[in-house]
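Colleague: Below is the file data.txt, with compact mmCIF, C-alpha atoms.
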# COMPACT_ATOMS: atom_id res chain seq x y z
CA MET A 1 -92.31 -66.14 -102.93
CA ILE A 2 -93.45 -67.26 -106.39
CA GLU A 3 -92.75 -63.76 -107.72
CA GLU A 4 -89.10 -64.10 -106.78
CA THR A 5 -88.71 -67.54 -108.34
CA LEU A 6 -90.11 -66.18 -111.63
CA ILE A 7 -87.40 -63.55 -111.94
CA PRO A 8 -84.28 -64.95 -113.64
CA LYS A 9 -80.93 -64.29 -112.03
CA LEU A 10 -77.70 -63.98 -113.95
CA GLY A 11 -75.55 -67.09 -113.58
CA VAL A 12 -71.97 -67.87 -114.50
CA VAL A 13 -70.72 -71.32 -115.52
CA THR A 14 -67.52 -71.85 -113.51
CA ASP A 15 -66.77 -75.49 -114.38
CA ILE A 16 -67.84 -78.02 -117.01
CA ARG A 17 -67.22 -81.74 -116.52
CA MET A 18 -67.71 -84.34 -119.26
CA ASP A 19 -69.51 -87.26 -117.57
CA THR A 20 -70.50 -89.42 -120.54
CA PRO A 21 -70.40 -88.94 -124.33
CA ASP A 22 -73.71 -87.01 -124.13
CA VAL A 23 -73.87 -85.75 -120.52
CA LYS A 24 -71.99 -82.77 -119.09
CA THR A 25 -72.14 -81.44 -115.53
CA PHE A 26 -72.23 -77.65 -115.24
CA ARG A 27 -71.20 -75.80 -112.09
CA VAL A 28 -73.12 -72.53 -111.75
CA VAL A 29 -72.86 -69.53 -109.41
CA GLY A 30 -74.63 -66.19 -109.34
CA ALA A 31 -73.12 -63.05 -110.86
CA ASP A 32 -71.70 -62.25 -107.40
CA GLY A 33 -69.79 -65.54 -107.34
CA LYS A 34 -72.05 -67.05 -104.67
CA LYS A 35 -74.73 -69.73 -104.79
CA ALA A 36 -77.76 -68.31 -106.63
CA PHE A 37 -80.35 -69.60 -104.10
CA GLU A 38 -80.95 -72.36 -101.55
CA HIS A 39 -82.81 -75.56 -102.39
CA ILE A 40 -83.78 -78.95 -100.99
CA PRO A 41 -82.80 -82.30 -102.58
CA GLY A 42 -84.98 -83.11 -105.57
CA GLN A 43 -85.87 -79.54 -106.49
CA CYS A 44 -85.28 -78.11 -109.97
CA ALA A 45 -84.25 -74.84 -111.56
CA MET A 46 -84.99 -73.22 -114.90
CA LEU A 47 -81.87 -72.57 -116.95
CA SER A 48 -82.00 -70.28 -119.96
CA ILE A 49 -79.88 -68.93 -122.75
CA PRO A 50 -81.68 -65.74 -123.85
CA GLY A 51 -82.70 -65.96 -127.48
CA VAL A 52 -82.35 -69.75 -127.49
CA GLY A 53 -84.78 -71.06 -124.87
CA GLU A 54 -85.13 -72.30 -121.32
CA ALA A 55 -85.78 -75.66 -119.67
CA MET A 56 -86.14 -77.23 -116.26
CA PHE A 57 -83.25 -79.29 -114.89
CA SER A 58 -82.61 -81.10 -111.61
CA ILE A 59 -80.19 -79.49 -109.20
CA THR A 60 -77.76 -82.37 -108.80
CA SER A 61 -75.55 -80.91 -106.08
CA SER A 62 -76.50 -81.31 -102.43
CA PRO A 63 -77.90 -78.36 -100.43
CA THR A 64 -75.00 -78.99 -98.05
CA ASN A 65 -72.78 -77.53 -100.77
CA THR A 66 -72.93 -73.84 -99.93
CA GLU A 67 -70.70 -72.52 -102.73
CA TYR A 68 -72.41 -73.46 -106.01
CA MET A 69 -75.06 -75.58 -107.74
CA GLU A 70 -74.48 -78.30 -110.32
CA PHE A 71 -76.63 -79.58 -113.17
CA SER A 72 -75.97 -82.80 -115.10
CA ILE A 73 -77.46 -82.23 -118.55
CA LYS A 74 -77.97 -84.71 -121.38
CA LYS A 75 -77.51 -83.38 -124.92
CA CYS A 76 -80.91 -83.97 -126.51
CA GLY A 77 -82.26 -80.79 -128.12
CA CYS A 78 -81.73 -77.18 -129.15
CA LEU A 79 -81.09 -75.66 -125.71
CA THR A 80 -78.95 -78.55 -124.48
CA ASP A 81 -76.91 -78.39 -127.72
CA TRP A 82 -76.13 -74.76 -126.92
CA LEU A 83 -75.31 -75.56 -123.29
CA HIS A 84 -72.95 -78.36 -124.37
CA ALA A 85 -71.18 -75.89 -126.68
CA MET A 86 -70.57 -73.41 -123.85
CA ASP A 87 -67.20 -72.59 -122.34
CA VAL A 88 -66.32 -71.91 -118.71
CA GLY A 89 -66.97 -68.27 -117.87
CA GLN A 90 -70.03 -67.86 -120.06
CA GLN A 91 -73.28 -66.53 -118.64
CA ILE A 92 -76.77 -68.02 -118.49
CA THR A 93 -79.89 -67.12 -116.54
CA ILE A 94 -81.24 -69.23 -113.70
CA ARG A 95 -84.52 -69.12 -111.76
CA GLY A 96 -85.96 -71.28 -109.04
CA PRO A 97 -86.06 -73.37 -106.99
CA TYR A 98 -89.14 -75.24 -108.16
CA GLY A 99 -91.02 -78.26 -106.87
CA ASN A 100 -91.34 -80.04 -103.56
CA GLY A 101 -88.13 -82.09 -103.26
CA PHE A 102 -87.63 -85.28 -101.27
CA PRO A 103 -88.78 -85.25 -97.61
CA VAL A 104 -85.25 -85.72 -96.28
CA ASP A 105 -85.89 -84.01 -92.95
CA THR A 106 -89.27 -85.62 -92.25
CA GLU A 107 -90.43 -88.97 -93.72
CA LEU A 108 -86.96 -90.14 -94.77
CA LYS A 109 -85.17 -89.25 -91.54
CA GLY A 110 -83.98 -92.29 -89.62
CA LYS A 111 -84.97 -94.67 -92.44
CA ASN A 112 -82.93 -97.26 -94.31
CA LEU A 113 -82.73 -95.91 -97.86
CA LEU A 114 -82.53 -97.71 -101.20
CA PHE A 115 -81.71 -95.54 -104.23
CA ILE A 116 -82.47 -97.03 -107.66
CA ALA A 117 -81.35 -95.11 -110.75
CA GLY A 118 -81.08 -95.69 -114.47
CA GLY A 119 -78.95 -93.59 -116.84
CA ILE A 120 -79.32 -89.83 -116.37
CA GLY A 121 -81.85 -90.68 -113.62
CA LEU A 122 -78.92 -90.66 -111.21
CA ALA A 123 -78.70 -86.87 -111.58
CA PRO A 124 -81.68 -85.90 -109.36
CA LEU A 125 -80.85 -88.68 -106.86
CA ARG A 126 -77.22 -87.53 -106.53
CA SER A 127 -78.42 -84.47 -104.60
CA VAL A 128 -80.25 -86.68 -102.08
CA ILE A 129 -77.47 -89.27 -101.84
CA ASN A 130 -74.83 -86.66 -101.03
CA TYR A 131 -77.19 -84.91 -98.62
CA VAL A 132 -77.80 -88.05 -96.55
CA ARG A 133 -74.09 -88.97 -96.72
CA ASP A 134 -73.22 -85.51 -95.36
CA LYS A 135 -75.77 -86.00 -92.56
CA ARG A 136 -74.99 -89.69 -92.09
CA ALA A 137 -76.05 -89.95 -88.43
CA ASP A 138 -79.64 -88.99 -89.35
CA TYR A 139 -80.24 -92.02 -91.60
CA GLY A 140 -80.02 -95.80 -91.52
CA ASP A 141 -78.49 -98.06 -94.16
CA ILE A 142 -77.76 -96.59 -97.59
CA GLN A 143 -77.87 -98.83 -100.67
CA ILE A 144 -77.51 -97.58 -104.25
CA VAL A 145 -78.44 -99.63 -107.32
CA TYR A 146 -77.42 -97.85 -110.53
CA GLY A 147 -77.37 -99.03 -114.10
CA SER A 148 -76.86 -97.67 -117.59
CA ARG A 149 -76.51 -98.84 -121.18
CA SER A 150 -72.74 -99.17 -120.89
CA LYS A 151 -69.85 -98.32 -118.58
CA ASP A 152 -69.30 -95.14 -120.61
CA ASP A 153 -72.88 -94.01 -119.92
CA LEU A 154 -72.59 -94.19 -116.11
CA VAL A 155 -73.02 -90.60 -114.88
CA ASP A 156 -70.71 -89.39 -112.06
CA TYR A 157 -68.74 -92.63 -112.39
CA GLN A 158 -65.55 -91.18 -110.93
CA GLU A 159 -67.40 -89.80 -107.91
CA ILE A 160 -69.08 -93.18 -107.44
CA LEU A 161 -65.69 -94.92 -107.44
CA ASP A 162 -63.76 -92.38 -105.38
CA GLU A 163 -66.39 -91.41 -102.82
CA TRP A 164 -69.51 -93.58 -102.69
CA MET A 165 -67.81 -96.96 -103.09
CA ALA A 166 -65.00 -95.88 -100.76
CA ASP A 167 -67.55 -95.15 -98.05
CA GLU A 168 -67.94 -98.25 -95.87
CA SER A 169 -71.41 -97.15 -94.77
CA THR A 170 -72.72 -97.04 -98.35
CA GLN A 171 -73.45 -100.14 -100.44
CA VAL A 172 -73.17 -99.54 -104.19
CA ASN A 173 -74.39 -102.02 -106.82
CA LEU A 174 -73.62 -101.13 -110.45
CA THR A 175 -74.87 -102.82 -113.60
CA ILE A 176 -74.77 -102.24 -117.37
CA ASP A 177 -77.23 -103.52 -119.96
CA ARG A 178 -74.83 -105.64 -122.04
CA GLU A 179 -71.41 -107.27 -121.78
CA GLN A 180 -68.56 -104.85 -122.43
CA GLU A 181 -64.83 -105.29 -122.68
CA GLY A 182 -63.15 -104.03 -119.53
CA TRP A 183 -66.28 -104.42 -117.41
CA ASP A 184 -66.21 -107.20 -114.82
CA GLY A 185 -69.24 -106.02 -112.84
CA HIS A 186 -72.87 -107.09 -113.06
CA VAL A 187 -74.58 -107.21 -116.47
CA GLY A 188 -78.35 -106.85 -116.80
CA PHE A 189 -81.23 -104.39 -116.62
CA VAL A 190 -81.89 -102.48 -113.40
CA PRO A 191 -85.37 -103.91 -112.59
CA ASN A 192 -84.07 -107.49 -112.84
CA TYR A 193 -80.97 -106.63 -110.81
CA VAL A 194 -83.12 -105.18 -108.02
CA LYS A 195 -85.14 -108.42 -107.85
CA GLU A 196 -81.90 -110.41 -107.87
CA LEU A 197 -80.49 -108.36 -104.97
CA ALA A 198 -83.79 -108.81 -103.07
CA PRO A 199 -83.34 -105.83 -100.71
CA SER A 200 -84.93 -106.07 -97.28
CA LEU A 201 -88.46 -104.72 -96.97
CA ASP A 202 -87.53 -102.27 -94.21
CA LYS A 203 -86.12 -99.81 -96.78
CA THR A 204 -87.67 -96.66 -98.18
CA VAL A 205 -87.03 -96.55 -101.94
CA LEU A 206 -86.15 -93.56 -104.13
CA VAL A 207 -86.24 -94.38 -107.84
CA CYS A 208 -85.51 -92.34 -110.96
CA GLY A 209 -84.77 -93.22 -114.56
CA PRO A 210 -86.42 -93.71 -117.95
CA PRO A 211 -90.22 -94.28 -117.69
CA ILE A 212 -89.97 -97.93 -118.81
CA MET A 213 -87.35 -98.62 -116.13
CA ILE A 214 -89.47 -97.02 -113.41
CA LYS A 215 -92.52 -99.01 -114.51
CA PHE A 216 -90.75 -102.39 -114.32
CA THR A 217 -88.79 -101.47 -111.19
CA LEU A 218 -92.02 -100.59 -109.36
CA ALA A 219 -93.59 -103.88 -110.51
CA GLY A 220 -90.51 -105.79 -109.31
CA LEU A 221 -90.53 -104.05 -105.94
CA LYS A 222 -94.19 -105.01 -105.49
CA GLU A 223 -93.28 -108.63 -106.32
CA LEU A 224 -90.68 -108.48 -103.55
CA GLY A 225 -93.30 -107.24 -101.09
CA PHE A 226 -92.77 -103.47 -101.11
CA THR A 227 -95.84 -101.22 -101.04
CA GLU A 228 -96.39 -98.06 -103.10
CA SER A 229 -96.23 -96.00 -99.89
CA GLN A 230 -92.56 -97.04 -99.51
CA VAL A 231 -91.51 -95.80 -102.95
CA TYR A 232 -90.76 -92.24 -104.07
CA THR A 233 -89.95 -91.09 -107.58
CA THR A 234 -89.22 -87.83 -109.35
CA MET A 235 -91.06 -87.06 -112.60
CA GLU A 236 -89.48 -84.21 -114.48
CA LEU A 237 -91.84 -84.51 -117.41
CA LYS A 238 -92.88 -81.75 -119.76
CA MET A 239 -92.43 -78.90 -117.28
CA LYS A 240 -92.48 -75.49 -118.90
CA CYS A 241 -93.60 -72.60 -116.67
CA GLY A 242 -92.62 -74.09 -113.30
CA VAL A 243 -95.54 -72.55 -111.38
CA GLY A 244 -98.62 -74.54 -112.46
CA LYS A 245 -99.96 -72.00 -114.97
CA CYS A 246 -99.39 -73.56 -118.39
CA GLY A 247 -100.83 -77.02 -117.61
CA ARG A 248 -98.25 -78.82 -119.72
CA CYS A 249 -97.08 -81.10 -116.90
CA ASN A 250 -100.55 -82.17 -115.72
CA ILE A 251 -100.95 -85.78 -114.44
CA GLY A 252 -104.54 -86.45 -113.38
CA SER A 253 -105.27 -83.92 -110.62
CA LYS A 254 -101.58 -83.11 -110.10
CA TYR A 255 -99.09 -80.72 -111.66
CA VAL A 256 -95.51 -82.02 -111.75
CA CYS A 257 -94.02 -78.55 -111.23
CA LYS A 258 -96.19 -77.67 -108.20
CA ASP A 259 -97.16 -80.99 -106.61
CA GLY A 260 -93.94 -82.72 -107.69
CA PRO A 261 -91.55 -83.41 -109.19
CA VAL A 262 -91.21 -85.78 -106.23
CA PHE A 263 -94.16 -88.10 -105.63
CA ARG A 264 -94.81 -91.08 -103.43
CA PHE A 265 -96.46 -93.66 -105.68
CA ASP A 266 -99.55 -94.09 -103.52
CA GLN A 267 -100.19 -90.33 -103.81
CA LEU A 268 -100.53 -90.44 -107.59
CA ASP A 269 -104.05 -90.84 -108.99
CA GLU A 270 -102.58 -92.30 -112.16
CA LEU A 271 -99.28 -92.73 -113.92
CA PRO A 272 -98.73 -90.59 -117.02
CA ASP A 273 -99.01 -92.26 -120.42
CA GLU A 274 -95.22 -92.46 -120.69
CA TYR A 275 -95.26 -95.07 -117.89
Just give me the structure as structure tokens.
Modeller:
Amino acid sequence: MIEETLIPKLGVVTDIRMDTPDVKTFRVVGADGKKAFEHIPGQCAMLSIPGVGEAMFSITSSPTNTEYMEFSIKKCGCLTDWLHAMDVGQQITIRGPYGNGFPVDTELKGKNLLFIAGGIGLAPLRSVINYVRDKRADYGDIQIVYGSRSKDDLVDYQEILDEWMADESTQVNLTIDREQEGWDGHVGFVPNYVKELAPSLDKTVLVCGPPIMIKFTLAGLKELGFTESQVYTTMELKMKCGVGKCGRCNIGSKYVCKDGPVFRFDQLDELPDEY
């Protein structure tokens, strides 16, 4: 019910993890100590500090986590400054879930999956990655290509090392933009790295990152022979109300909050100006 998703619930921050110099991951439960609501991978929620503001953020934890939700939030404005200054135990409000999510139980089921992320773009894909890893028998090969400006800017780096890279059924390819002391992995931008890796064309692709990265990654995938119908993205741009009333997130005939944030590229009439 839309009416229910519009009503904020009281939330409590039970854990705060510093991921990068400007990204923190917040663990949130309802006032009763339980998960505030159920969601599907790729959906978002509106977080608010009364008197400060509210904004839409990806739910980065998997729906298979029944105890809490997590949000990886980059410090980049008034509300996020306040969130980054919070302590464990403080209260916020939360409403949602919003959007359509990734079709994990329909179109993606049984498919070989290629996840491509840049910077904080890993946050919305983390929910999907952990979902398919928890339901491993339902999916084919899993490959993750993730890059950031530097090693220090890789979100969820410890989880990637301890869990994803330790999982023999998951292939992880990391890259950073420039050479860095202490980094012996790949160096280079994500779109070029994807072309270098030349993934097989039998994969369904999920991509998220800065607009310029998505633009060049899509172009590179087309060069390799992928079609737009094989590629999904999530566009969390300019969402404000969450229910298609304010028009702020309009792209052509679509509204990101209602028709997205997850889109298959061939379903978009046009890319927004940012791309």
Colleague: Given all atoms listed in the file, how would the per-residue table for stretch 70-121 of chain A near stretch 178-189 of chain A read, listing every residue at most 12 Å away with its closest atom pair and distance in Å to one decimal, sorted by chain and number, as CSV?
Modeller:
residue,atom,partner,partner_atom,distance
A:Ile116,CA,A:Phe189,CA,11.7
A:Ala117,CA,A:Phe189,CA,11.0
A:Gly118,CA,A:Phe189,CA,9.0
A:Gly119,CA,A:Phe189,CA,11.0
Colleague: Which residue is closest to A:Val52? Choose from A:Asp81, A:Glu228, A:Asp153, A:Glu38 and count all atoms listed in the file.
Modeller: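 Result for the nearest residue to A:Val52: A:Asp81.
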Colleague: For a cut-off of 8 Å around (-77.7, -98.9, -117.8), file coordinates, pick out all residues using all atoms listed in the file and list them as a list of chain:residue names.
Modeller: A:Gly118, A:Gly119, A:Tyr146, A:Gly147, A:Ser148, A:Arg149, A:Ser150, A:Lys151, A:Asp153, A:Leu154, A:Thr175, A:Ile176, A:Asp177, A:Phe189, A:Val190
Colleague: Set the distance at 8 Å and use all atoms listed in the file: which residues neighbour stretch 121-133 of chain A once local chain neighbours fewer than 3 positions away are removed? I'd like the list as a PyMOL selection string.
Modeller: chain A and resi 41-42+58-64+71-72+102+104+115+117-118+136+138-139+146+155+206-210+234
Colleague: Just want the 9 Å neighbourhood of A:Ala45, counted on only C-alpha atoms, with same-chain residues fewer than 4 positions away dropped. Output as a VMD selection string.
Modeller: chain A and resid 55 to 59 94 to 99 242
Colleague: What is the atom CA of A:Gly53 to atom CA of A:Pro8 distance in Å?
Modeller: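 Atom CA of A:Pro8 lies 12.8 Å from atom CA of A:Gly53.
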Colleague: Can you pull out every residue within 9 Å of A:Lys9, counting only C-alpha atoms, but drop anything in the same chain fewer than 5 positions away, and send it as number ranges by chain?
Modeller: A: 30-31, 36, 92-95
Colleague: Of the candidates A:Val88, A:Asn250, A:Leu47, A:Glu70, which shows the shortest atom-to-atom distance to A:Asp156, using all atoms listed in the file?
Modeller: A:Glu70
